[in-house]
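Pasted below: query_14.cif, mmCIF, C-alpha atoms.
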```
data_entry
loop_
_atom_site.group_PDB
_atom_site.id
_atom_site.type_symbol
_atom_site.label_atom_id
_atom_site.label_comp_id
_atom_site.auth_asym_id
_atom_site.auth_seq_id
_atom_site.Cartn_x
_atom_site.Cartn_y
_atom_site.Cartn_z
ATOM 1 C CA MET A 31 -9.684 -15.068 7.510
ATOM 2 C CA ARG A 32 -10.535 -14.893 3.781
ATOM 3 C CA TYR A 33 -10.342 -11.651 1.864
ATOM 4 C CA LYS A 34 -12.344 -11.055 -1.281
ATOM 5 C CA GLU A 35 -9.262 -10.053 -3.271
ATOM 6 C CA THR A 36 -5.556 -10.422 -2.493
ATOM 7 C CA VAL A 37 -4.680 -7.099 -4.098
ATOM 8 C CA VAL A 38 -7.742 -4.920 -3.990
ATOM 9 C CA SER A 39 -7.122 -1.637 -5.790
ATOM 10 C CA SER A 40 -5.317 1.661 -5.584
ATOM 11 C CA GLU A 41 -8.129 2.925 -3.317
ATOM 12 C CA VAL A 42 -8.134 0.079 -0.769
ATOM 13 C CA ILE A 43 -5.462 -1.681 1.264
ATOM 14 C CA THR A 44 -6.023 -5.004 3.037
ATOM 15 C CA VAL A 45 -4.717 -5.943 6.477
ATOM 16 C CA PRO A 46 -2.073 -8.362 5.039
ATOM 17 C CA GLU A 47 -0.849 -5.662 2.642
ATOM 18 C CA LEU A 48 -0.633 -3.092 5.433
ATOM 19 C CA GLN A 49 1.096 -5.493 7.806
ATOM 20 C CA ARG A 50 4.038 -5.699 5.400
ATOM 21 C CA LEU A 51 4.363 -1.898 5.326
ATOM 22 C CA VAL A 52 3.934 -0.929 8.986
ATOM 23 C CA GLY A 53 7.206 0.349 10.415
ATOM 24 C CA THR A 54 8.612 1.397 7.035
ATOM 25 C CA ASP A 55 8.865 4.832 5.469
ATOM 26 C CA ARG A 56 6.663 3.626 2.590
ATOM 27 C CA ILE A 57 3.455 4.219 4.553
ATOM 28 C CA CYS A 58 1.913 7.163 6.405
ATOM 29 C CA LEU A 59 -0.806 5.932 8.779
ATOM 30 C CA LEU A 60 -3.714 8.202 9.740
ATOM 31 C CA ASP A 61 -6.147 7.082 12.439
ATOM 32 C CA ALA A 62 -9.445 8.883 11.801
ATOM 33 C CA ARG A 63 -11.142 7.757 15.012
ATOM 34 C CA ASP A 64 -11.994 9.880 18.029
ATOM 35 C CA PRO A 65 -8.919 10.766 20.129
ATOM 36 C CA GLU A 66 -10.236 8.662 23.042
ATOM 37 C CA ALA A 67 -10.321 5.519 20.896
ATOM 38 C CA TYR A 68 -6.850 6.303 19.572
ATOM 39 C CA GLU A 69 -5.506 6.664 23.127
ATOM 40 C CA HIS A 70 -6.707 3.180 24.032
ATOM 41 C CA GLY A 71 -4.699 1.620 21.221
ATOM 42 C CA HIS A 72 -3.933 2.100 17.539
ATOM 43 C CA ILE A 73 -1.945 0.572 14.717
ATOM 44 C CA PRO A 74 1.768 1.115 15.453
ATOM 45 C CA GLY A 75 3.037 4.338 13.908
ATOM 46 C CA ALA A 76 -0.415 5.818 13.276
ATOM 47 C CA VAL A 77 -1.072 9.519 13.836
ATOM 48 C CA ASN A 78 -4.515 10.552 15.037
ATOM 49 C CA LEU A 79 -6.284 12.893 12.617
ATOM 50 C CA HIS A 80 -10.018 13.052 13.145
ATOM 51 C CA PRO A 81 -11.613 14.613 10.025
ATOM 52 C CA SER A 82 -13.251 17.331 12.151
ATOM 53 C CA ARG A 83 -9.788 18.909 12.456
ATOM 54 C CA LEU A 84 -9.980 19.691 8.737
ATOM 55 C CA GLU A 85 -13.354 21.421 9.054
ATOM 56 C CA HIS A 86 -15.032 24.612 10.206
ATOM 57 C CA SER A 87 -18.498 26.118 10.392
ATOM 58 C CA VAL A 88 -19.700 28.407 7.607
ATOM 59 C CA LEU A 89 -21.860 31.345 8.690
ATOM 60 C CA LEU A 90 -24.172 32.494 5.926
ATOM 61 C CA ASN A 91 -24.971 36.182 5.434
ATOM 62 C CA TRP A 92 -28.476 35.807 6.852
ATOM 63 C CA GLY A 93 -27.341 34.122 10.050
ATOM 64 C CA GLU A 94 -27.756 30.433 9.224
ATOM 65 C CA GLU A 95 -24.782 28.259 10.156
ATOM 66 C CA VAL A 96 -23.607 25.150 8.297
ATOM 67 C CA PRO A 97 -21.157 23.097 10.414
ATOM 68 C CA ASP A 98 -18.518 20.531 9.471
ATOM 69 C CA GLN A 99 -17.444 22.065 6.173
ATOM 70 C CA LEU A 100 -14.035 21.334 4.692
ATOM 71 C CA ARG A 101 -11.609 24.179 5.247
ATOM 72 C CA ALA A 102 -9.725 25.950 2.496
ATOM 73 C CA ILE A 103 -7.202 23.746 0.684
ATOM 74 C CA GLU A 104 -4.245 25.601 2.193
ATOM 75 C CA ASP A 105 -5.551 24.948 5.726
ATOM 76 C CA VAL A 106 -6.232 21.277 4.983
ATOM 77 C CA THR A 107 -2.756 20.982 3.491
ATOM 78 C CA ALA A 108 -1.156 22.422 6.644
ATOM 79 C CA SER A 109 -2.930 19.829 8.824
ATOM 80 C CA LEU A 110 -1.929 16.983 6.511
ATOM 81 C CA ARG A 111 1.687 18.105 6.478
ATOM 82 C CA ALA A 112 1.702 18.276 10.287
ATOM 83 C CA ALA A 113 0.527 14.639 10.322
ATOM 84 C CA GLY A 114 3.495 13.663 8.135
ATOM 85 C CA VAL A 115 1.759 13.460 4.772
ATOM 86 C CA SER A 116 3.975 13.799 1.716
ATOM 87 C CA ASN A 117 3.472 13.121 -1.978
ATOM 88 C CA ASP A 118 5.857 10.191 -2.266
ATOM 89 C CA ALA A 119 4.562 7.874 0.498
ATOM 90 C CA THR A 120 1.263 6.006 0.466
ATOM 91 C CA VAL A 121 -1.243 7.357 2.988
ATOM 92 C CA CYS A 122 -3.404 4.741 4.714
ATOM 93 C CA VAL A 123 -6.500 5.960 6.551
ATOM 94 C CA TYR A 124 -8.614 3.861 8.887
ATOM 95 C CA ASP A 125 -11.396 4.028 11.445
ATOM 96 C CA GLU A 126 -12.994 1.314 13.580
ATOM 97 C CA GLY A 127 -14.443 -0.346 10.470
ATOM 98 C CA GLY A 128 -17.931 -0.143 9.012
ATOM 99 C CA ASP A 129 -17.968 3.595 9.640
ATOM 100 C CA PHE A 130 -17.453 6.755 7.579
ATOM 101 C CA LEU A 131 -14.699 8.641 9.423
ATOM 102 C CA ALA A 132 -11.898 7.102 7.351
ATOM 103 C CA SER A 133 -13.775 7.715 4.105
ATOM 104 C CA ARG A 134 -14.330 11.354 5.106
ATOM 105 C CA LEU A 135 -10.565 11.694 5.535
ATOM 106 C CA TRP A 136 -9.967 9.792 2.287
ATOM 107 C CA TRP A 137 -12.316 12.218 0.501
ATOM 108 C CA ALA A 138 -10.407 15.213 1.917
ATOM 109 C CA LEU A 139 -7.184 13.740 0.525
ATOM 110 C CA ASP A 140 -8.936 13.229 -2.802
ATOM 111 C CA VAL A 141 -10.060 16.867 -2.834
ATOM 112 C CA THR A 142 -6.456 17.974 -2.372
ATOM 113 C CA GLY A 143 -5.342 15.760 -5.246
ATOM 114 C CA HIS A 144 -3.201 13.289 -3.286
ATOM 115 C CA GLN A 145 -2.359 10.436 -5.643
ATOM 116 C CA ARG A 146 -1.529 7.631 -3.194
ATOM 117 C CA HIS A 147 -4.186 7.427 -0.493
ATOM 118 C CA ARG A 148 -5.813 4.142 0.484
ATOM 119 C CA LEU A 149 -8.449 3.053 2.986
ATOM 120 C CA LEU A 150 -7.931 0.030 5.237
ATOM 121 C CA ASP A 151 -10.563 -2.596 4.409
ATOM 122 C CA GLY A 152 -12.222 -3.682 7.638
ATOM 123 C CA GLY A 153 -10.619 -0.930 9.688
ATOM 124 C CA PHE A 154 -9.016 -1.205 13.099
ATOM 125 C CA SER A 155 -11.360 -3.965 14.298
ATOM 126 C CA THR A 156 -10.140 -6.267 11.509
ATOM 127 C CA TRP A 157 -6.509 -5.320 12.151
ATOM 128 C CA LEU A 158 -7.000 -6.074 15.867
ATOM 129 C CA ARG A 159 -8.627 -9.435 15.145
ATOM 130 C CA ASP A 160 -6.094 -10.615 12.565
ATOM 131 C CA VAL A 161 -2.815 -9.017 13.641
ATOM 132 C CA GLN A 162 -3.304 -7.924 17.267
ATOM 133 C CA ALA A 163 -0.310 -5.567 17.150
ATOM 134 C CA VAL A 164 -1.390 -2.390 18.959
ATOM 135 C CA SER A 165 0.478 0.630 20.266
ATOM 136 C CA ILE A 166 -0.353 3.369 22.764
ATOM 137 C CA GLU A 167 2.675 5.481 21.831
ATOM 138 C CA HIS A 168 2.260 8.878 20.221
ATOM 139 C CA PRO A 169 4.573 9.112 17.205
ATOM 140 C CA SER A 170 5.986 12.517 16.343
ATOM 141 C CA PRO A 171 6.263 12.469 12.559
ATOM 142 C CA ALA A 172 8.532 14.827 10.727
ATOM 143 C CA PRO A 173 6.438 17.422 8.880
ATOM 144 C CA GLY A 174 5.502 16.167 5.457
ATOM 145 C CA GLY A 175 6.097 18.082 2.262
ATOM 146 C CA PHE A 176 2.733 17.430 0.669
ATOM 147 C CA VAL A 177 1.960 19.746 -2.259
ATOM 148 C CA PRO A 178 -1.716 19.659 -3.283
ATOM 149 C CA SER A 179 -3.136 19.774 -6.762
ATOM 150 C CA ARG A 180 -6.607 21.261 -7.085
ATOM 151 C CA THR A 181 -9.488 18.903 -7.848
ATOM 152 C CA ASP A 182 -12.432 21.187 -7.152
ATOM 153 C CA GLN A 183 -14.859 18.890 -8.981
ATOM 154 C CA ARG A 184 -14.637 16.458 -6.041
ATOM 155 C CA ARG A 185 -16.417 18.932 -3.727
ATOM 156 C CA LEU A 186 -19.611 20.706 -4.764
ATOM 157 C CA GLY A 187 -21.526 23.543 -3.159
ATOM 158 C CA PHE A 188 -25.113 24.754 -3.417
ATOM 159 C CA CYS A 189 -24.582 26.773 -6.605
ATOM 160 C CA ASP A 190 -22.898 23.820 -8.321
ATOM 161 C CA VAL A 191 -25.833 21.554 -7.485
ATOM 162 C CA ILE A 192 -28.489 24.092 -8.509
ATOM 163 C CA THR A 193 -26.726 24.653 -11.825
ATOM 164 C CA ALA A 194 -26.554 20.957 -12.708
ATOM 165 C CA ILE A 195 -29.580 19.469 -10.928
ATOM 166 C CA ASP A 196 -31.707 19.236 -14.092
ATOM 167 C CA SER A 197 -28.936 17.674 -16.157
ATOM 168 C CA PRO A 198 -29.771 14.099 -17.276
ATOM 169 C CA ARG A 199 -26.109 13.284 -16.770
ATOM 170 C CA MET A 200 -26.173 14.047 -13.023
ATOM 171 C CA ILE A 201 -27.615 11.642 -10.439
ATOM 172 C CA MET A 202 -27.828 12.600 -6.767
ATOM 173 C CA CYS A 203 -27.649 9.823 -4.159
ATOM 174 C CA ASN A 204 -28.938 10.233 -0.617
ATOM 175 C CA THR A 205 -26.782 8.059 1.665
ATOM 176 C CA LEU A 206 -28.936 8.200 4.798
ATOM 177 C CA PRO A 207 -31.076 5.213 5.894
ATOM 178 C CA PHE A 208 -33.976 4.544 3.529
ATOM 179 C CA GLU A 209 -36.512 5.583 6.166
ATOM 180 C CA SER A 210 -34.849 9.004 6.452
ATOM 181 C CA TYR A 211 -34.791 9.332 2.665
ATOM 182 C CA LEU A 212 -38.526 8.670 2.525
ATOM 183 C CA GLN A 213 -39.149 11.494 5.014
ATOM 184 C CA ALA A 214 -37.079 14.198 3.321
ATOM 185 C CA THR A 215 -34.510 14.504 0.555
ATOM 186 C CA ILE A 216 -33.296 16.815 -2.192
ATOM 187 C CA PRO A 217 -35.723 16.681 -5.139
ATOM 188 C CA GLY A 218 -34.921 14.095 -7.809
ATOM 189 C CA SER A 219 -32.458 12.110 -5.710
ATOM 190 C CA VAL A 220 -32.264 8.341 -5.310
ATOM 191 C CA SER A 221 -31.504 6.318 -2.190
ATOM 192 C CA PHE A 222 -28.266 4.412 -1.588
ATOM 193 C CA PRO A 223 -27.691 3.981 2.183
ATOM 194 C CA TYR A 224 -23.973 4.032 2.983
ATOM 195 C CA THR A 225 -24.329 0.844 5.064
ATOM 196 C CA GLU A 226 -25.006 -1.091 1.865
ATOM 197 C CA THR A 227 -21.380 -0.584 0.799
ATOM 198 C CA TYR A 228 -20.296 -3.194 3.372
ATOM 199 C CA ALA A 229 -20.386 -6.960 2.843
ATOM 200 C CA ASP A 230 -23.565 -8.602 4.135
ATOM 201 C CA ASP A 231 -21.734 -11.807 5.008
ATOM 202 C CA ASN A 232 -18.495 -10.371 6.385
ATOM 203 C CA PRO A 233 -18.793 -6.826 7.794
ATOM 204 C CA PRO A 234 -16.989 -4.508 8.265
ATOM 205 C CA LEU A 235 -15.191 -5.547 5.083
ATOM 206 C CA LEU A 236 -16.283 -3.734 1.955
ATOM 207 C CA ARG A 237 -18.310 -5.325 -0.779
ATOM 208 C CA SER A 238 -16.204 -6.093 -3.838
ATOM 209 C CA ARG A 239 -15.835 -3.369 -6.430
ATOM 210 C CA HIS A 240 -17.850 -5.500 -8.865
ATOM 211 C CA GLU A 241 -20.719 -5.879 -6.388
ATOM 212 C CA LEU A 242 -20.677 -2.146 -5.742
ATOM 213 C CA ALA A 243 -20.727 -1.319 -9.451
ATOM 214 C CA ALA A 244 -23.733 -3.611 -9.848
ATOM 215 C CA SER A 245 -25.520 -1.901 -6.956
ATOM 216 C CA PHE A 246 -24.990 1.488 -8.568
ATOM 217 C CA LEU A 247 -26.353 0.164 -11.859
ATOM 218 C CA THR A 248 -29.563 -1.020 -10.167
ATOM 219 C CA ARG A 249 -30.073 2.611 -9.166
ATOM 220 C CA GLY A 250 -29.493 3.840 -12.689
ATOM 221 C CA VAL A 251 -25.934 5.046 -12.075
ATOM 222 C CA SER A 252 -23.326 4.163 -14.704
ATOM 223 C CA ALA A 253 -19.765 5.321 -15.320
ATOM 224 C CA GLN A 254 -21.096 7.877 -17.800
ATOM 225 C CA HIS A 255 -23.079 9.701 -15.111
ATOM 226 C CA HIS A 256 -21.900 12.420 -12.782
ATOM 227 C CA LEU A 257 -22.694 10.982 -9.342
ATOM 228 C CA VAL A 258 -23.237 13.458 -6.492
ATOM 229 C CA CYS A 259 -23.329 11.963 -2.990
ATOM 230 C CA PHE A 260 -24.985 13.764 -0.085
ATOM 231 C CA CYS A 261 -26.459 13.232 3.376
ATOM 232 C CA ARG A 262 -27.255 15.693 6.163
ATOM 233 C CA LEU A 263 -23.793 17.264 6.171
ATOM 234 C CA GLY A 264 -21.271 15.094 4.342
ATOM 235 C CA TYR A 265 -20.045 12.253 6.542
ATOM 236 C CA SER A 266 -22.034 9.195 5.459
ATOM 237 C CA ALA A 267 -21.938 10.631 1.925
ATOM 238 C CA SER A 268 -18.155 10.304 2.082
ATOM 239 C CA GLN A 269 -18.501 6.525 2.364
ATOM 240 C CA LEU A 270 -20.613 6.281 -0.783
ATOM 241 C CA TYR A 271 -18.235 8.687 -2.538
ATOM 242 C CA PHE A 272 -15.366 6.382 -1.627
ATOM 243 C CA ALA A 273 -17.297 3.283 -2.709
ATOM 244 C CA ALA A 274 -18.055 4.831 -6.097
ATOM 245 C CA ARG A 275 -14.407 5.744 -6.669
ATOM 246 C CA TYR A 276 -13.373 2.252 -5.559
ATOM 247 C CA ALA A 277 -15.897 0.756 -7.990
ATOM 248 C CA GLY A 278 -14.229 2.675 -10.815
ATOM 249 C CA PHE A 279 -16.651 5.554 -11.383
ATOM 250 C CA PRO A 280 -14.662 8.540 -12.718
ATOM 251 C CA HIS A 281 -17.202 11.340 -12.223
ATOM 252 C CA VAL A 282 -18.001 11.466 -8.510
ATOM 253 C CA SER A 283 -18.549 14.499 -6.286
ATOM 254 C CA LEU A 284 -19.697 15.138 -2.734
ATOM 255 C CA TYR A 285 -22.131 17.891 -1.823
ATOM 256 C CA ASP A 286 -20.406 19.140 1.331
ATOM 257 C CA GLY A 287 -23.103 20.498 3.600
ATOM 258 C CA GLY A 288 -25.782 18.314 2.063
ATOM 259 C CA MET A 289 -29.352 18.759 3.204
ATOM 260 C CA VAL A 290 -28.417 21.176 5.994
ATOM 261 C CA ASP A 291 -26.741 23.517 3.520
ATOM 262 C CA TRP A 292 -29.519 22.979 0.972
ATOM 263 C CA SER A 293 -32.228 24.005 3.448
ATOM 264 C CA ALA A 294 -30.205 26.871 4.907
ATOM 265 C CA ARG A 295 -29.903 28.410 1.432
ATOM 266 C CA GLY A 296 -33.599 28.089 0.645
ATOM 267 C CA GLY A 297 -33.667 24.732 -1.110
ATOM 268 C CA GLU A 298 -36.792 22.614 -0.787
ATOM 269 C CA LEU A 299 -36.784 19.126 0.743
ATOM 270 C CA VAL A 300 -39.380 16.637 -0.450
ATOM 271 C CA PRO A 301 -40.358 13.062 0.524
ATOM 272 C CA GLY A 302 -38.271 10.432 -1.247
ATOM 273 C CA ALA A 303 -39.724 8.008 -3.762
ATOM 274 C CA GLY A 304 -40.674 4.692 -2.164
#
```

Would you mind writing the file's structure down as structure tokens?
Amino acid sequence: MRYKETVVSSEVITVPELQRLVGTDRICLLDARDPEAYEHGHIPGAVNLHPSRLEHSVLLNWGEEVPDQLRAIEDVTASLRAAGVSNDATVCVYDEGGDFLASRLWWALDVTGHQRHRLLDGGFSTWLRDVQAVSIEHPSPAPGGFVPSRTDQRRLGFCDVITAIDSPRMIMCNTLPFESYLQATIPGSVSFPYTETYADDNPPLLRSRHELAASFLTRGVSAQHHLVCFCRLGYSASQLYFAARYAGFPHVSLYDGGMVDWSARGGELVPGAG
């Protein structure tokens, strides 16, 4: 098995890197998959934390409901602490691979200001193929002492988007499939399907950070722009958010609620540009 880079970045961890850390107190493993998948086998020591456990539905004053919204920071912090998250140990998140559950959890950690969170390149399927060490035990981690630091710019709401949507510095990326983008999107946005963040020749491994940066540039996105990722609600957008941070873009946000929130608050959806 060949990996693109031996040491990837502070955002990504490879299977060989993780293998050296499993079973030590230097790593906190979070399995972002559905509980049923976790029950059938997971990386030894991993705690199951599906990102939906960090979310709630927001009921707007006029009766519209926007589901799957990140809870208040103090509530997210409580769930992370219960999973054993602290400030001094690296947190590794993973899903099956080629998905967006792990990146949704990674984004939540980013919103809280955690400084040492990494995503497993290739996910559980790559771990299973290359290492084959699997556990069905349920670890009971000691509560972590994680203390968040606020990074509100990582999560945007409707008012934030409306305020900045005409700024030449801001570029909004729709992460849904291109066909969906053509049918309906937020005005002025460009298309970058989240699936294009994975290697064409070796999925579910990620494309290299250099390849990703080049892909952003072809869409007119540079490190000087403020990139806002969105989808229907915020899940596939989390993968592009992660990819942009991994590629080295400093100004990246996620519109949590995306097109569902946009429409519920009276925003217009238009066909995307072909």

(message) When the PyMOL selection byres ((chain A and resi 207-214) around 6) is applied to the structure above, which residues does it catch, written out as number ranges by chain?
(response) A: 206, 215, 223, 299-302

(request) Counting all atoms listed in the file, find the residues whose atoms lie at most 8 Å from (5.8, 16.4, 11.1) (file coordinates) and write them out as a ChimeraX atom specification. (result) /A:111-114,170-174

(request) Name the closest residue to Ala273 (chain A) among the candidates A:Arg237, A:Val106, A:Asn117, A:Met202; distances are taken between atoms, counting all atoms listed in the file. (result) A:Arg237

(message) As an exercise, work out the distance from CA of Asp230 (chain A) to CA of Ser245 (chain A) in Å and give it to one decimal place.
(response)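 Pair CA of Asp230 (chain A) / CA of Ser245 (chain A) returns 13.1 Å.
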
(message) With distances taken over all atoms listed in the file, which residue among A:Val258, A:Leu236, A:Leu247, A:Cys122 lies nearest Val52 (chain A)?
(response)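 Between A:Val258, A:Leu236, A:Leu247, A:Cys122, the residue approaching Val52 (chain A) most closely is A:Cys122.
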
(message) List the spatial neighbours of region 285-291 of chain A as an MDAnalysis selection string - criterion: any atom at most 10 Å away, all atoms listed in the file, same-chain residues fewer than 5 positions off excluded.
(response) chainID A and resid 87:88 90 94:100 184:188 190:191 202 204 214:216 258:265 267:268 296:299

Just C-alpha atoms for this one: save the residues we selected as a PDB file, in the frame of the given file.
```pdb
ATOM      1  CA  SER A  87     -18.498  26.118  10.392  1.00  0.00           C
ATOM      2  CA  VAL A  88     -19.700  28.407   7.607  1.00  0.00           C
ATOM      3  CA  LEU A  90     -24.172  32.494   5.926  1.00  0.00           C
ATOM      4  CA  GLU A  94     -27.756  30.433   9.224  1.00  0.00           C
ATOM      5  CA  GLU A  95     -24.782  28.259  10.156  1.00  0.00           C
ATOM      6  CA  VAL A  96     -23.607  25.150   8.297  1.00  0.00           C
ATOM      7  CA  PRO A  97     -21.157  23.097  10.414  1.00  0.00           C
ATOM      8  CA  ASP A  98     -18.518  20.531   9.471  1.00  0.00           C
ATOM      9  CA  GLN A  99     -17.444  22.065   6.173  1.00  0.00           C
ATOM     10  CA  LEU A 100     -14.035  21.334   4.692  1.00  0.00           C
ATOM     11  CA  ARG A 184     -14.637  16.458  -6.041  1.00  0.00           C
ATOM     12  CA  ARG A 185     -16.417  18.932  -3.727  1.00  0.00           C
ATOM     13  CA  LEU A 186     -19.611  20.706  -4.764  1.00  0.00           C
ATOM     14  CA  GLY A 187     -21.526  23.543  -3.159  1.00  0.00           C
ATOM     15  CA  PHE A 188     -25.113  24.754  -3.417  1.00  0.00           C
ATOM     16  CA  ASP A 190     -22.898  23.820  -8.321  1.00  0.00           C
ATOM     17  CA  VAL A 191     -25.833  21.554  -7.485  1.00  0.00           C
ATOM     18  CA  MET A 202     -27.828  12.600  -6.767  1.00  0.00           C
ATOM     19  CA  ASN A 204     -28.938  10.233  -0.617  1.00  0.00           C
ATOM     20  CA  ALA A 214     -37.079  14.198   3.321  1.00  0.00           C
ATOM     21  CA  THR A 215     -34.510  14.504   0.555  1.00  0.00           C
ATOM     22  CA  ILE A 216     -33.296  16.815  -2.192  1.00  0.00           C
ATOM     23  CA  VAL A 258     -23.237  13.458  -6.492  1.00  0.00           C
ATOM     24  CA  CYS A 259     -23.329  11.963  -2.990  1.00  0.00           C
ATOM     25  CA  PHE A 260     -24.985  13.764  -0.085  1.00  0.00           C
ATOM     26  CA  CYS A 261     -26.459  13.232   3.376  1.00  0.00           C
ATOM     27  CA  ARG A 262     -27.255  15.693   6.163  1.00  0.00           C
ATOM     28  CA  LEU A 263     -23.793  17.264   6.171  1.00  0.00           C
ATOM     29  CA  GLY A 264     -21.271  15.094   4.342  1.00  0.00           C
ATOM     30  CA  TYR A 265     -20.045  12.253   6.542  1.00  0.00           C
ATOM     31  CA  ALA A 267     -21.938  10.631   1.925  1.00  0.00           C
ATOM     32  CA  SER A 268     -18.155  10.304   2.082  1.00  0.00           C
ATOM     33  CA  GLY A 296     -33.599  28.089   0.645  1.00  0.00           C
ATOM     34  CA  GLY A 297     -33.667  24.732  -1.110  1.00  0.00           C
ATOM     35  CA  GLU A 298     -36.792  22.614  -0.787  1.00  0.00           C
ATOM     36  CA  LEU A 299     -36.784  19.126   0.743  1.00  0.00           C
TER      37      LEU A 299
END
```

(message) Using the chain letters and numbers from this file, what does the PyMOL selection byres ((chain A and resi 64) around 9) select? Give the answer as a ChimeraX atom specification.
(response) /A:61-63,65-69,78-80,125

Show me, as a Markdown table, the residues of region 196-296 of chain A having an atom within 12 Å of region 141-144 of chain A, each with the closest atom pair and its distance in Å, using only C-alpha atoms.
```
| residue | atom | partner | partner_atom | distance |
| --- | --- | --- | --- | --- |
| A:Ser268 | CA | A:Val141 | CA | 11.5 |
| A:Tyr271 | CA | A:Val141 | CA | 11.6 |
| A:Phe272 | CA | A:Val141 | CA | 11.8 |
| A:Val282 | CA | A:Val141 | CA | 11.2 |
| A:Ser283 | CA | A:Val141 | CA | 9.5 |
| A:Leu284 | CA | A:Val141 | CA | 9.8 |
| A:Asp286 | CA | A:Val141 | CA | 11.4 |
```

(message) Could you check the closest approach to Ala108 (chain A) for each of A:Phe222, A:Trp92, A:Phe176, A:Phe130 and tell me which residue wins, using all atoms listed in the file?
(response) A:Phe176

Atom completion result for region 245-256 of chain A (N, CA and C atoms) as a PDB file, keeping the file's coordinate frame:
```
ATOM      1  N   SER A 245     -24.539  -2.596  -7.788  1.00  0.00           N
ATOM      2  CA  SER A 245     -25.520  -1.901  -6.956  1.00  0.00           C
ATOM      3  C   SER A 245     -25.802  -0.496  -7.483  1.00  0.00           C
ATOM      4  N   PHE A 246     -24.775   0.169  -7.962  1.00  0.00           N
ATOM      5  CA  PHE A 246     -24.990   1.488  -8.568  1.00  0.00           C
ATOM      6  C   PHE A 246     -25.863   1.358  -9.822  1.00  0.00           C
ATOM      7  N   LEU A 247     -25.592   0.341 -10.620  1.00  0.00           N
ATOM      8  CA  LEU A 247     -26.353   0.164 -11.859  1.00  0.00           C
ATOM      9  C   LEU A 247     -27.837  -0.082 -11.585  1.00  0.00           C
ATOM     10  N   THR A 248     -28.152  -0.790 -10.493  1.00  0.00           N
ATOM     11  CA  THR A 248     -29.563  -1.020 -10.167  1.00  0.00           C
ATOM     12  C   THR A 248     -30.273   0.279  -9.807  1.00  0.00           C
ATOM     13  N   ARG A 249     -29.504   1.301  -9.476  1.00  0.00           N
ATOM     14  CA  ARG A 249     -30.073   2.611  -9.166  1.00  0.00           C
ATOM     15  C   ARG A 249     -29.965   3.570 -10.352  1.00  0.00           C
ATOM     16  N   GLY A 250     -29.569   3.029 -11.486  1.00  0.00           N
ATOM     17  CA  GLY A 250     -29.493   3.840 -12.689  1.00  0.00           C
ATOM     18  C   GLY A 250     -28.220   4.633 -12.836  1.00  0.00           C
ATOM     19  N   VAL A 251     -27.195   4.308 -12.034  1.00  0.00           N
ATOM     20  CA  VAL A 251     -25.934   5.046 -12.075  1.00  0.00           C
ATOM     21  C   VAL A 251     -24.894   4.243 -12.835  1.00  0.00           C
ATOM     22  N   SER A 252     -24.382   4.804 -13.924  1.00  0.00           N
ATOM     23  CA  SER A 252     -23.326   4.163 -14.704  1.00  0.00           C
ATOM     24  C   SER A 252     -22.082   5.058 -14.693  1.00  0.00           C
ATOM     25  N   ALA A 253     -21.014   4.563 -15.284  1.00  0.00           N
ATOM     26  CA  ALA A 253     -19.765   5.321 -15.320  1.00  0.00           C
ATOM     27  C   ALA A 253     -19.881   6.588 -16.158  1.00  0.00           C
ATOM     28  N   GLN A 254     -20.911   6.681 -16.975  1.00  0.00           N
ATOM     29  CA  GLN A 254     -21.096   7.877 -17.800  1.00  0.00           C
ATOM     30  C   GLN A 254     -21.790   9.009 -17.030  1.00  0.00           C
ATOM     31  N   HIS A 255     -22.384   8.680 -15.893  1.00  0.00           N
ATOM     32  CA  HIS A 255     -23.079   9.701 -15.111  1.00  0.00           C
ATOM     33  C   HIS A 255     -22.116  10.480 -14.212  1.00  0.00           C
ATOM     34  N   HIS A 256     -22.571  11.658 -13.832  1.00  0.00           N
ATOM     35  CA  HIS A 256     -21.900  12.420 -12.782  1.00  0.00           C
ATOM     36  C   HIS A 256     -22.671  12.141 -11.497  1.00  0.00           C
TER      37      HIS A 256
END
```
